[in-house]
Structures are given as structure tokens and as C-alpha cells.
$ cat final-v3.pdb   # PDB, C-alpha atoms
ATOM      1  CA  MET A   1     -16.265   5.895  64.145
ATOM      2  CA  ALA A   2     -16.004   2.879  66.472
ATOM      3  CA  ILE A   3     -13.200   0.846  68.019
ATOM      4  CA  LEU A   4     -11.514  -2.381  66.843
ATOM      5  CA  VAL A   5     -14.062  -3.110  64.089
ATOM      6  CA  ASP A   6     -15.897  -0.679  61.813
ATOM      7  CA  GLY A   7     -17.049  -0.150  58.243
ATOM      8  CA  SER A   8     -13.567  -0.906  56.884
ATOM      9  CA  THR A   9     -13.320  -4.309  58.590
ATOM     10  CA  ARG A  10     -12.979  -7.406  56.375
ATOM     11  CA  ILE A  11     -13.535 -10.556  58.424
ATOM     12  CA  ILE A  12     -12.339 -14.127  57.992
ATOM     13  CA  VAL A  13     -12.804 -17.168  60.236
ATOM     14  CA  GLN A  14      -9.872 -19.471  60.924
ATOM     15  CA  GLY A  15     -11.160 -23.001  61.410
ATOM     16  CA  ILE A  16     -14.204 -22.258  59.269
ATOM     17  CA  THR A  17     -14.849 -25.896  58.376
ATOM     18  CA  GLY A  18     -15.390 -26.988  61.983
ATOM     19  CA  THR A  19     -18.839 -26.968  63.553
ATOM     20  CA  ASN A  20     -18.335 -23.664  65.368
ATOM     21  CA  GLY A  21     -16.666 -22.102  62.351
ATOM     22  CA  CYS A  22     -19.509 -23.113  60.033
ATOM     23  CA  ASN A  23     -22.076 -21.745  62.461
ATOM     24  CA  MET A  24     -20.142 -18.500  62.761
ATOM     25  CA  ALA A  25     -19.952 -18.141  58.984
ATOM     26  CA  GLY A  26     -23.679 -18.666  58.543
ATOM     27  CA  ARG A  27     -24.555 -16.176  61.263
ATOM     28  CA  LEU A  28     -22.238 -13.453  59.992
ATOM     29  CA  LEU A  29     -23.703 -13.765  56.512
ATOM     30  CA  SER A  30     -27.274 -13.721  57.820
ATOM     31  CA  GLU A  31     -26.458 -10.543  59.759
ATOM     32  CA  GLY A  32     -25.055  -8.879  56.655
ATOM     33  CA  MET A  33     -21.599  -8.496  58.156
ATOM     34  CA  PRO A  34     -18.418  -7.793  56.124
ATOM     35  CA  PHE A  35     -17.409 -11.467  56.034
ATOM     36  CA  TYR A  36     -15.154 -12.594  53.209
ATOM     37  CA  GLY A  37     -13.984 -16.157  53.798
ATOM     38  CA  GLY A  38     -12.184 -18.603  56.007
ATOM     39  CA  VAL A  39      -8.967 -20.539  56.445
ATOM     40  CA  SER A  40      -8.529 -24.314  56.509
ATOM     41  CA  ARG A  41      -5.514 -26.015  54.956
ATOM     42  CA  LYS A  42      -7.346 -29.300  54.395
ATOM     43  CA  ARG A  43     -10.374 -27.702  52.724
ATOM     44  CA  ALA A  44      -8.664 -24.948  50.753
ATOM     45  CA  GLY A  45     -10.311 -24.247  47.412
ATOM     46  CA  THR A  46     -13.804 -25.157  48.616
ATOM     47  CA  GLU A  47     -16.587 -22.941  49.952
ATOM     48  CA  VAL A  48     -18.476 -22.714  53.238
ATOM     49  CA  ALA A  49     -21.804 -20.875  53.259
ATOM     50  CA  GLY A  50     -20.899 -19.469  49.859
ATOM     51  CA  VAL A  51     -17.595 -17.866  50.853
ATOM     52  CA  PRO A  52     -14.145 -19.117  49.809
ATOM     53  CA  VAL A  53     -11.877 -21.220  51.997
ATOM     54  CA  PHE A  54      -8.189 -20.335  51.772
ATOM     55  CA  ALA A  55      -5.155 -22.413  52.690
ATOM     56  CA  THR A  56      -3.475 -19.670  54.709
ATOM     57  CA  CYS A  57      -4.110 -16.245  56.190
ATOM     58  CA  HIS A  58      -1.558 -14.813  53.764
ATOM     59  CA  GLU A  59      -3.738 -16.016  50.906
ATOM     60  CA  ALA A  60      -6.865 -14.550  52.525
ATOM     61  CA  VAL A  61      -5.159 -11.185  52.939
ATOM     62  CA  SER A  62      -3.953 -11.242  49.338
ATOM     63  CA  GLU A  63      -7.236 -12.402  47.784
ATOM     64  CA  VAL A  64      -9.919 -10.594  49.811
ATOM     65  CA  GLY A  65      -8.032  -8.019  51.866
ATOM     66  CA  ALA A  66      -8.750  -9.702  55.213
ATOM     67  CA  ASN A  67      -7.813  -7.502  58.178
ATOM     68  CA  ALA A  68      -9.697  -9.159  61.066
ATOM     69  CA  THR A  69     -10.012 -12.792  62.085
ATOM     70  CA  PHE A  70     -12.095 -14.898  64.445
ATOM     71  CA  LEU A  71     -10.061 -17.924  65.542
ATOM     72  CA  SER A  72     -12.471 -20.844  65.829
ATOM     73  CA  VAL A  73      -9.771 -23.434  66.436
ATOM     74  CA  PRO A  74      -9.022 -25.836  69.325
ATOM     75  CA  ALA A  75      -6.995 -24.504  72.245
ATOM     76  CA  GLU A  76      -3.912 -26.481  71.249
ATOM     77  CA  ALA A  77      -3.969 -24.945  67.751
ATOM     78  CA  ALA A  78      -4.628 -21.360  68.839
ATOM     79  CA  LEU A  79      -0.991 -20.254  69.097
ATOM     80  CA  ASP A  80      -0.009 -21.300  65.579
ATOM     81  CA  ALA A  81      -3.225 -19.837  64.145
ATOM     82  CA  ALA A  82      -2.688 -16.511  65.912
ATOM     83  CA  LEU A  83       0.954 -16.223  64.843
ATOM     84  CA  GLU A  84       0.004 -17.046  61.252
ATOM     85  CA  ALA A  85      -2.639 -14.315  61.205
ATOM     86  CA  ILE A  86      -0.314 -11.717  62.721
ATOM     87  CA  ASP A  87       2.500 -12.583  60.305
ATOM     88  CA  ALA A  88       0.041 -12.212  57.419
ATOM     89  CA  GLY A  89      -0.625  -8.625  58.460
ATOM     90  CA  ILE A  90      -3.990  -9.095  60.180
ATOM     91  CA  ARG A  91      -4.204  -6.626  63.029
ATOM     92  CA  THR A  92      -7.452  -7.496  64.836
ATOM     93  CA  LEU A  93      -7.803 -11.008  66.270
ATOM     94  CA  VAL A  94     -10.303 -12.786  68.499
ATOM     95  CA  VAL A  95      -9.091 -16.024  70.109
ATOM     96  CA  TYR A  96     -12.291 -17.836  71.027
ATOM     97  CA  ALA A  97     -10.892 -21.052  72.525
ATOM     98  CA  GLU A  98     -10.921 -21.515  76.288
ATOM     99  CA  GLY A  99      -8.112 -23.303  78.087
ATOM    100  CA  VAL A 100      -5.228 -22.228  75.854
ATOM    101  CA  PRO A 101      -1.987 -23.240  77.653
ATOM    102  CA  ILE A 102      -0.664 -20.268  79.602
ATOM    103  CA  LYS A 103       2.723 -20.379  77.875
ATOM    104  CA  ASP A 104       0.939 -20.225  74.503
ATOM    105  CA  ALA A 105      -1.251 -17.349  75.676
ATOM    106  CA  ILE A 106       1.806 -15.412  76.856
ATOM    107  CA  HIS A 107       3.545 -16.069  73.539
ATOM    108  CA  MET A 108       0.646 -14.950  71.335
ATOM    109  CA  THR A 109      -0.287 -11.874  73.376
ATOM    110  CA  THR A 110       3.323 -10.714  73.611
ATOM    111  CA  TYR A 111       3.879 -11.277  69.903
ATOM    112  CA  ALA A 112       0.672  -9.430  69.008
ATOM    113  CA  LYS A 113       1.738  -6.407  71.038
ATOM    114  CA  MET A 114       5.202  -6.450  69.519
ATOM    115  CA  ARG A 115       3.750  -6.509  65.992
ATOM    116  CA  GLY A 116       1.096  -3.862  66.622
ATOM    117  CA  ALA A 117      -1.863  -6.251  66.475
ATOM    118  CA  ARG A 118      -4.868  -6.075  68.790
ATOM    119  CA  LEU A 119      -5.717  -9.494  70.169
ATOM    120  CA  LEU A 120      -8.763 -10.332  72.284
ATOM    121  CA  GLY A 121      -8.669 -13.503  74.335
ATOM    122  CA  PRO A 122      -8.042 -16.322  74.728
ATOM    123  CA  SER A 123     -11.580 -17.272  75.787
ATOM    124  CA  ALA A 124     -12.982 -14.057  74.310
ATOM    125  CA  ALA A 125     -16.472 -13.585  72.885
ATOM    126  CA  GLY A 126     -15.042 -10.869  70.632
ATOM    127  CA  CYS A 127     -16.043  -7.361  69.616
ATOM    128  CA  ILE A 128     -18.906  -5.760  67.722
ATOM    129  CA  SER A 129     -19.755  -2.276  66.494
ATOM    130  CA  PRO A 130     -23.533  -2.317  65.885
ATOM    131  CA  GLY A 131     -24.503  -1.705  62.280
ATOM    132  CA  LEU A 132     -20.885  -1.878  61.118
ATOM    133  CA  ALA A 133     -19.102  -5.153  61.870
ATOM    134  CA  ASN A 134     -19.376  -8.151  64.168
ATOM    135  CA  LEU A 135     -16.225 -10.064  65.118
ATOM    136  CA  SER A 136     -17.850 -11.924  68.004
ATOM    137  CA  ASP A 137     -20.263 -14.654  69.002
ATOM    138  CA  LEU A 138     -22.716 -11.985  70.210
ATOM    139  CA  SER A 139     -25.930 -11.683  68.228
ATOM    140  CA  ALA A 140     -25.996  -8.409  66.291
ATOM    141  CA  ASP A 141     -29.796  -8.381  66.467
ATOM    142  CA  LEU A 142     -29.666  -7.666  70.209
ATOM    143  CA  LEU A 143     -27.548  -4.525  69.956
ATOM    144  CA  ARG A 144     -28.546  -0.987  69.029
ATOM    145  CA  PRO A 145     -26.232   1.607  67.455
ATOM    146  CA  GLY A 146     -25.459   4.401  69.889
ATOM    147  CA  ARG A 147     -22.781   6.204  71.871
ATOM    148  CA  ILE A 148     -22.035   3.948  74.869
ATOM    149  CA  GLY A 149     -18.928   1.761  74.892
ATOM    150  CA  VAL A 150     -18.863  -1.547  76.770
ATOM    151  CA  ALA A 151     -15.709  -3.330  77.978
ATOM    152  CA  SER A 152     -16.366  -6.678  79.646
ATOM    153  CA  LYS A 153     -14.593  -9.887  80.553
ATOM    154  CA  SER A 154     -17.763 -11.956  80.268
ATOM    155  CA  GLY A 155     -19.846 -12.497  77.142
ATOM    156  CA  THR A 156     -22.788 -13.757  79.199
ATOM    157  CA  LEU A 157     -22.920 -10.705  81.470
ATOM    158  CA  THR A 158     -22.542  -8.501  78.421
ATOM    159  CA  TYR A 159     -25.956  -9.580  77.142
ATOM    160  CA  GLU A 160     -27.528  -8.423  80.412
ATOM    161  CA  VAL A 161     -25.763  -5.075  80.159
ATOM    162  CA  ILE A 162     -26.831  -4.546  76.547
ATOM    163  CA  ASP A 163     -30.437  -5.341  77.413
ATOM    164  CA  ASP A 164     -30.425  -2.838  80.284
ATOM    165  CA  LEU A 165     -28.839  -0.140  78.136
ATOM    166  CA  ASN A 166     -31.429  -0.737  75.411
ATOM    167  CA  ARG A 167     -34.277  -0.450  77.909
ATOM    168  CA  ASN A 168     -32.918   2.950  78.876
ATOM    169  CA  GLY A 169     -32.721   4.155  75.278
ATOM    170  CA  LEU A 170     -28.928   3.846  75.194
ATOM    171  CA  GLY A 171     -27.350   2.285  72.119
ATOM    172  CA  GLN A 172     -23.775   1.053  71.888
ATOM    173  CA  SER A 173     -20.825   2.403  69.884
ATOM    174  CA  SER A 174     -18.768  -0.773  70.325
ATOM    175  CA  VAL A 175     -18.933  -3.752  72.677
ATOM    176  CA  VAL A 176     -15.685  -5.526  73.557
ATOM    177  CA  CYS A 177     -15.373  -8.837  75.429
ATOM    178  CA  LEU A 178     -11.800  -9.264  76.644
ATOM    179  CA  GLY A 179     -11.747 -12.951  77.549
ATOM    180  CA  GLY A 180     -11.826 -14.785  80.841
ATOM    181  CA  ASP A 181      -8.571 -16.752  80.863
ATOM    182  CA  PRO A 182      -5.742 -15.777  83.256
ATOM    183  CA  VAL A 183      -3.618 -14.342  80.416
ATOM    184  CA  VAL A 184      -5.334 -12.283  77.704
ATOM    185  CA  GLY A 185      -4.357  -9.706  75.107
ATOM    186  CA  LEU A 186      -6.201  -6.402  75.381
ATOM    187  CA  SER A 187      -7.067  -5.329  78.929
ATOM    188  CA  HIS A 188      -9.804  -3.126  80.360
ATOM    189  CA  CYS A 189      -7.308  -0.258  80.384
ATOM    190  CA  ASP A 190      -6.435  -0.754  76.707
ATOM    191  CA  VAL A 191     -10.097  -0.657  75.714
ATOM    192  CA  LEU A 192     -10.894   2.336  77.938
ATOM    193  CA  GLU A 193      -8.111   4.237  76.192
ATOM    194  CA  LEU A 194      -9.604   3.391  72.792
ATOM    195  CA  PHE A 195     -13.063   4.540  73.881
ATOM    196  CA  GLU A 196     -11.561   7.715  75.341
ATOM    197  CA  GLU A 197     -10.233   8.642  71.900
ATOM    198  CA  ASP A 198     -13.360   7.576  70.001
ATOM    199  CA  GLU A 199     -15.371  10.652  69.026
ATOM    200  CA  ASP A 200     -18.558   8.570  68.814
ATOM    201  CA  THR A 201     -18.393   7.253  72.386
ATOM    202  CA  ASP A 202     -19.712   9.419  75.234
ATOM    203  CA  ALA A 203     -19.343   7.037  78.197
ATOM    204  CA  THR A 204     -17.951   3.583  78.908
ATOM    205  CA  VAL A 205     -19.402   0.694  80.888
ATOM    206  CA  LEU A 206     -16.758  -1.505  82.531
ATOM    207  CA  ILE A 207     -17.780  -5.028  83.558
ATOM    208  CA  GLY A 208     -15.208  -6.818  85.669
ATOM    209  CA  GLU A 209     -15.002  -9.804  87.969
ATOM    210  CA  ILE A 210     -12.858 -11.313  90.685
ATOM    211  CA  GLY A 211      -9.354 -12.479  89.831
ATOM    212  CA  GLY A 212      -6.460 -10.714  88.150
ATOM    213  CA  ARG A 213      -5.554  -7.023  88.196
ATOM    214  CA  SER A 214      -7.173  -5.753  84.991
ATOM    215  CA  GLU A 215      -9.734  -3.664  86.861
ATOM    216  CA  MET A 216      -7.103  -2.215  89.216
ATOM    217  CA  LYS A 217      -5.022  -1.047  86.256
ATOM    218  CA  ALA A 218      -8.176   0.354  84.673
ATOM    219  CA  ALA A 219      -8.746   2.419  87.813
ATOM    220  CA  GLU A 220      -5.399   4.108  87.235
ATOM    221  CA  PHE A 221      -6.606   5.200  83.800
ATOM    222  CA  VAL A 222     -10.008   6.327  85.081
ATOM    223  CA  ARG A 223      -8.254   8.947  87.230
ATOM    224  CA  ARG A 224      -7.210  10.854  84.121
ATOM    225  CA  ALA A 225     -10.130   9.961  81.822
ATOM    226  CA  ARG A 226     -12.339  12.751  80.486
ATOM    227  CA  LYS A 227     -15.337  10.536  79.754
ATOM    228  CA  PRO A 228     -17.442   8.956  82.513
ATOM    229  CA  VAL A 229     -16.917   5.296  83.403
ATOM    230  CA  ILE A 230     -19.712   3.238  84.963
ATOM    231  CA  ALA A 231     -18.465  -0.003  86.525
ATOM    232  CA  TYR A 232     -19.816  -3.276  87.883
ATOM    233  CA  ILE A 233     -17.714  -6.053  89.445
ATOM    234  CA  ALA A 234     -19.145  -9.576  89.524
ATOM    235  CA  GLY A 235     -18.347 -12.057  92.282
ATOM    236  CA  LYS A 236     -18.928 -10.130  95.490
ATOM    237  CA  ASN A 237     -19.838 -13.316  97.364
ATOM    238  CA  ALA A 238     -17.123 -15.522  95.889
ATOM    239  CA  GLN A 239     -15.019 -17.590  98.290
ATOM    240  CA  PRO A 240     -11.205 -17.308  98.170
ATOM    241  CA  GLY A 241      -9.653 -20.024  96.017
ATOM    242  CA  LYS A 242     -12.947 -20.936  94.353
ATOM    243  CA  ARG A 243     -13.257 -20.401  90.609
ATOM    244  CA  MET A 244     -16.286 -18.474  89.359
ATOM    245  CA  GLY A 245     -17.002 -19.386  85.729
ATOM    246  CA  HIS A 246     -13.908 -18.273  83.831
ATOM    247  CA  ALA A 247     -10.489 -19.774  84.445
ATOM    248  CA  GLY A 248      -9.284 -16.296  85.379
ATOM    249  CA  ALA A 249     -12.143 -15.655  87.815
ATOM    250  CA  LEU A 250     -10.269 -17.036  90.785
ATOM    251  CA  MET A 251      -9.688 -14.790  93.770
ATOM    252  CA  GLY A 252      -6.185 -14.932  95.204
ATOM    253  CA  VAL A 253      -4.738 -11.920  97.005
ATOM    254  CA  GLU A 254      -7.051  -9.337  98.543
ATOM    255  CA  GLU A 255      -6.723  -6.815  95.716
ATOM    256  CA  GLU A 256      -8.260  -9.396  93.366
ATOM    257  CA  ASN A 257     -11.579  -9.503  95.231
ATOM    258  CA  ALA A 258     -14.667  -7.513  94.266
ATOM    259  CA  PRO A 259     -14.712  -5.017  97.182
ATOM    260  CA  ALA A 260     -11.082  -4.022  96.576
ATOM    261  CA  LYS A 261     -11.721  -3.447  92.885
ATOM    262  CA  GLU A 262     -14.885  -1.475  93.582
ATOM    263  CA  LYS A 263     -13.029   0.694  96.090
ATOM    264  CA  ALA A 264     -10.205   1.425  93.642
ATOM    265  CA  LEU A 265     -12.568   2.299  90.798
ATOM    266  CA  ARG A 266     -14.764   4.474  92.998
ATOM    267  CA  ALA A 267     -11.731   6.327  94.380
ATOM    268  CA  ALA A 268     -10.552   6.950  90.819
ATOM    269  CA  GLY A 269     -13.842   8.599  89.898
ATOM    270  CA  ALA A 270     -15.822   5.774  88.324
ATOM    271  CA  ILE A 271     -19.513   5.350  89.121
ATOM    272  CA  VAL A 272     -19.733   1.873  90.670
ATOM    273  CA  VAL A 273     -23.115   0.117  90.772
ATOM    274  CA  ASP A 274     -24.143  -2.831  92.939
ATOM    275  CA  THR A 275     -26.142  -4.761  90.320
ATOM    276  CA  LEU A 276     -26.143  -5.143  86.553
ATOM    277  CA  PHE A 277     -29.651  -3.737  86.389
ATOM    278  CA  GLU A 278     -28.533  -0.352  87.717
ATOM    279  CA  ILE A 279     -26.148   0.276  84.842
ATOM    280  CA  GLY A 280     -28.573   1.756  82.324
ATOM    281  CA  THR A 281     -30.035   4.177  84.852
ATOM    282  CA  ALA A 282     -26.567   5.212  86.054
ATOM    283  CA  VAL A 283     -25.346   5.867  82.512
ATOM    284  CA  ARG A 284     -28.449   7.836  81.653
ATOM    285  CA  GLN A 285     -28.173   9.963  84.787
ATOM    286  CA  VAL A 286     -24.535  10.846  84.244
ATOM    287  CA  LEU A 287     -25.150  11.808  80.618
ATOM    288  CA  GLU A 288     -28.195  13.884  81.498
ATOM    289  CA  SER A 289     -26.140  15.763  84.081
ATOM    290  CA  ARG A 290     -23.635  16.864  81.456
ATOM    291  CA  LYS A 291     -24.023  20.434  80.277
ATOM    292  CA  ASP A 292     -22.706  19.660  76.808
ATOM    293  CA  ILE A 293     -25.758  19.387  74.529
ATOM    294  CA  LYS A 294     -24.359  16.430  72.586
ATOM    295  CA  TYR A 295     -24.711  14.226  75.662
ATOM    296  CA  ARG A 296     -28.389  15.040  76.008
ATOM    297  CA  GLU A 297     -28.955  14.429  72.304
ATOM    298  CA  ALA A 298     -27.203  11.062  72.512
ATOM    299  CA  ILE A 299     -29.999   9.542  74.582
ATOM    300  CA  GLY A 300     -33.568   9.148  73.467
ATOM    301  CA  PRO A 301     -36.767   8.971  75.517
ATOM    302  CA  LEU A 302     -36.694   6.426  78.326
ATOM    303  CA  GLY A 303     -37.227   2.926  76.955
ATOM    304  CA  GLN A 304     -36.549   3.892  73.328
ATOM    305  CA  ARG A 305     -35.151   1.059  71.221
TER     306      ARG A 305
END
$ encode --input "final-v3.pdb" --output "C-alpha cells"
Amino acid sequence: MAILVDGSTRIIVQGITGTNGCNMAGRLLSEGMPFYGGVSRKRAGTEVAGVPVFATCHEAVSEVGANATFLSVPAEAALDAALEAIDAGIRTLVVYAEGVPIKDAIHMTTYAKMRGARLLGPSAAGCISPGLANLSDLSADLLRPGRIGVASKSGTLTYEVIDDLNRNGLGQSSVVCLGGDPVVGLSHCDVLELFEEDEDTDATVLIGEIGGRSEMKAAEFVRRARKPVIAYIAGKNAQPGKRMGHAGALMGVEEENAPAKEKALRAAGAIVVDTLFEIGTAVRQVLESRKDIKYREAIGPLGQR
């Protein structure tokens, strides 16, 4: 089992005929992912990288059973594309575009929740379950199948986390990048809940940053979680009012700064580390301390890949 995407996932790319969409299509095919086509009204009836291009998401659902979509469309087109996918019955969406107008982001995320769809983004790298399905711009070659879940705002920091986990012999069950815009769909808390119920995940790594309250809400869930949560918050030295990378990484009130988030997570029972490069060791130590044999079997010799 995994979360969000798995062996039953059937992926399409909206905006497949654009440069990013074409690149995404080629990469998914080269990785052997369950990729079945794309959507572009102007190029319907043609092919990209050997897969069909449909006029609408409804057609893609009808013809190839699409149930997950990567939206590689401009920010101004993201709302219409997301609503079309949701109305077609697609229930897992990644909105890749950065800078989607806030009113559009509110509309699409609210609508997705109302219709029972799981939407990542805007400005999300996506999600991947190693060896099963990749609905993200992360390279599948860098991940290893395993039993550690990762929930992160940042795609860039996620690569560092994956590398450190791999060095410690810790593969990943699923990796989820939430998106860095001020308004996004799934939150840290939503993803932690999914990992909590996933029988193939033993622990979760939470990567947060300054700005917003996602990590504070996650701390409330950590208090009642059965599985260990290892957390890192980026932006400890950020200045108030100064943006750090993502549009949402802007510290406002005190509870949006890194120390406040670290304090809340630590008080809730999470293991909070000071640097990204401590994550693998922290995860390994907490799993080794568990008396349940399955935790010890989940990790291989140090450095195993």
C-alpha cells in the first residue's frame, strides 16, 4: 500500500503539448510509470511521446480510465483545468504552476474538498510512491522503496531528505510535496493522517518552513499519532517580512516563525532536528528503539541502498 498514488494509478498530464508537459510525458514513460495520455483541446487526436492527446479530461477518463492528473498549465489556466479534472471524476490532482491567483487557489481547493478530490498545490512538486507511480517532477531514480513517509512543502529540500534517508538504508513508502503558495490543497496534517493509516509506513518525516500555520495544525495531530514523526523546519534565520523562496514562505506573526513551529512540534511529541542531515539518523534511531520486530526489519544495514 502507499498514499495518493499506487499500483492502481492511471496518470494523465493536462497541458501535455507545452514544453513542460512534453518533458513530463517523456520522463514518466522512461521511468515506466502508469502514464496513459494527456489533455489539450487544440491538439486533440494527436500523440505526444507515443501516448494519445484527448480534448477533455472526461474523454481521458472514458478512454483510458484516468484517475490522476498532473496540471502542467499556466497559472491563469490552473483553475479551469482543475475544475474540469474534478468534474470528470479524477480524484488526485497536482497543480504545478506557481503564482496562481489566491482567489483561484481558494476556489479550486475548496471545490476539491467538497467533491472528495485530493489536490496538491498550487506550486506543488507532486507525489510519488517508489516503484509504483510518480505524479511529480521528482526523479523516480533517486528514490528507494521502503517504509518511511515524507511530507514536505519544498521539492528542493525533499531531494536532500531522500538522499539522507537512502544513506541510512531507509527507503520511502510515499513522498508528498504539498506546494509553497499561501493557499494549497492538502496540508501537512492531511498527509500525516494518510500515513498514519497506511500499513506500509512506519514513520513520517515532516519538512516545513516559515510562513502559514500548516505545521502548527500538524502538531495538533502529532499529539494523538501512533507513529513517530521526525520534523525539520527551514528558515530559522529568516527576517520578518522577507520571503524565503516560496510565495508562502513569508513570516508574519510570531507563530509562523521557525522556533515557534519547532516548539509546538516538540511539545506534541515529534522529534525535531536542527539540520536536514540529521533526519536519516533520527529516523533510524527511533525505529531501532521500537520493540516491535517489524520496525527493526524495515531498516537494512547502515548505508544500504
$ closest_residue --input "final-v3.pdb" --among "A:Ile90, A:Leu83, A:Ala282, A:Met216" --to "Pro228 (chain A)" --atoms "only C-alpha atoms"
A:Ala282
$ atom_distance --input "final-v3.pdb" --atom1 "CA of Glu278 (chain A)" --atom2 "CA of Thr156 (chain A)"
16.9 Å
$ resolve_selection --input "final-v3.pdb" --expression "the PyMOL selection byres ((chain A and resi 158-161) around 10)" --output "compact mmCIF listing (two decimals) with C-alpha atoms, in the frame of the given file"
# COMPACT_ATOMS: atom_id res chain seq x y z
CA ALA A 125 -16.47 -13.58 72.89
CA LEU A 138 -22.72 -11.98 70.21
CA SER A 139 -25.93 -11.68 68.23
CA LEU A 142 -29.67 -7.67 70.21
CA LEU A 143 -27.55 -4.53 69.96
CA VAL A 150 -18.86 -1.55 76.77
CA ALA A 151 -15.71 -3.33 77.98
CA SER A 152 -16.37 -6.68 79.65
CA LYS A 153 -14.59 -9.89 80.55
CA SER A 154 -17.76 -11.96 80.27
CA GLY A 155 -19.85 -12.50 77.14
CA THR A 156 -22.79 -13.76 79.20
CA LEU A 157 -22.92 -10.70 81.47
CA ILE A 162 -26.83 -4.55 76.55
CA ASP A 163 -30.44 -5.34 77.41
CA ASP A 164 -30.42 -2.84 80.28
CA LEU A 165 -28.84 -0.14 78.14
CA ASN A 166 -31.43 -0.74 75.41
CA ARG A 167 -34.28 -0.45 77.91
CA VAL A 175 -18.93 -3.75 72.68
CA VAL A 176 -15.68 -5.53 73.56
CA CYS A 177 -15.37 -8.84 75.43
CA VAL A 205 -19.40 0.69 80.89
CA LEU A 206 -16.76 -1.50 82.53
CA ILE A 207 -17.78 -5.03 83.56
CA TYR A 232 -19.82 -3.28 87.88
CA LEU A 276 -26.14 -5.14 86.55
CA PHE A 277 -29.65 -3.74 86.39
CA GLU A 278 -28.53 -0.35 87.72
CA ILE A 279 -26.15 0.28 84.84
CA GLY A 280 -28.57 1.76 82.32
$ atom_distance --input "final-v3.pdb" --atom1 "CA of Val100 (chain A)" --atom2 "CA of Phe70 (chain A)"
15.2 Å
$ residues_around --input "final-v3.pdb" --residues "Asp190 (chain A)" --least-positions-apart "6" --cutoff "12 Å" --atoms "only C-alpha atoms" --output "list of chain:residue names"
A:Ile3, A:Leu4, A:Lys113, A:Arg118, A:Leu119, A:Leu120, A:Ala151, A:Ser152, A:Val176, A:Leu178, A:Val184, A:Glu196, A:Glu197, A:Leu206, A:Ser214, A:Glu215, A:Lys217, A:Ala218, A:Ala219, A:Glu220, A:Phe221, A:Val222
$ residues_around --input "final-v3.pdb" --residues "region 31-47 of chain A" --least-positions-apart "2" --cutoff "8 Å" --atoms "only C-alpha atoms" --output "VMD selection string"
chain A and resid 9 to 17 25 27 to 29 49 to 57 60 64 66 132 to 134 140 to 141
$ atom_distance --input "final-v3.pdb" --atom1 "CA of Leu135 (chain A)" --atom2 "CA of Leu93 (chain A)"
8.6 Å
$ closest_residue --input "final-v3.pdb" --among "A:Ile233, A:Arg266, A:Gly169, A:His188" --to "Arg284 (chain A)" --atoms "all atoms listed in the file"
A:Gly169
$ residues_around --input "final-v3.pdb" --residues "Glu255 (chain A)" --least-positions-apart "3" --cutoff "12 Å" --atoms "all atoms listed in the file" --output "list of chain:residue names"
A:Glu209, A:Ile210, A:Gly211, A:Gly212, A:Arg213, A:Ser214, A:Glu215, A:Met216, A:Lys217, A:Pro240, A:Leu250, A:Met251, A:Gly252, A:Ala258, A:Pro259, A:Ala260, A:Lys261, A:Glu262, A:Lys263, A:Ala264, A:Leu265
$ resolve_selection --input "final-v3.pdb" --expression "the PyMOL selection byres ((chain A and resi 116) around 12)" --output "PyMOL selection string"
chain A and resi 86-87+89-93+109-115+117-119+185-186
$ residues_near_point --input "final-v3.pdb" --point "(-19.4, 1.7, 72.0)" --cutoff "7 Å" --atoms "only C-alpha atoms" --output "list in words"
Ala2, Ser129, Gly146, Arg147, Ile148, Gly149, Val150, Gln172, Ser173, Ser174, Val175 and Thr201 of chain A
$ write_last_selection --input "final-v3.pdb" --atoms "C-alpha atoms" --output "PDB file, in the coordinates of the input"
ATOM      1  CA  ALA A   2     -16.004   2.879  66.472  1.00  0.00           C
ATOM      2  CA  SER A 129     -19.755  -2.276  66.494  1.00  0.00           C
ATOM      3  CA  GLY A 146     -25.459   4.401  69.889  1.00  0.00           C
ATOM      4  CA  ARG A 147     -22.781   6.204  71.871  1.00  0.00           C
ATOM      5  CA  ILE A 148     -22.035   3.948  74.869  1.00  0.00           C
ATOM      6  CA  GLY A 149     -18.928   1.761  74.892  1.00  0.00           C
ATOM      7  CA  VAL A 150     -18.863  -1.547  76.770  1.00  0.00           C
ATOM      8  CA  GLN A 172     -23.775   1.053  71.888  1.00  0.00           C
ATOM      9  CA  SER A 173     -20.825   2.403  69.884  1.00  0.00           C
ATOM     10  CA  SER A 174     -18.768  -0.773  70.325  1.00  0.00           C
ATOM     11  CA  VAL A 175     -18.933  -3.752  72.677  1.00  0.00           C
ATOM     12  CA  THR A 201     -18.393   7.253  72.386  1.00  0.00           C
TER      13      THR A 201
END
$ closest_residue --input "final-v3.pdb" --among "A:Lys103, A:Arg223, A:His58, A:Arg290" --to "Ala270 (chain A)" --atoms "all atoms listed in the file"
A:Arg223
$ resolve_selection --input "final-v3.pdb" --expression "the PyMOL selection byres ((chain A and resi 96) around 10)" --output "ChimeraX atom specification"
/A:70-75,78,93-95,97-100,120-126,136-137,179
$ closest_residue --input "final-v3.pdb" --among "A:Val48, A:Leu192, A:Val229, A:Ala268" --to "Val286 (chain A)" --atoms "only C-alpha atoms"
A:Val229
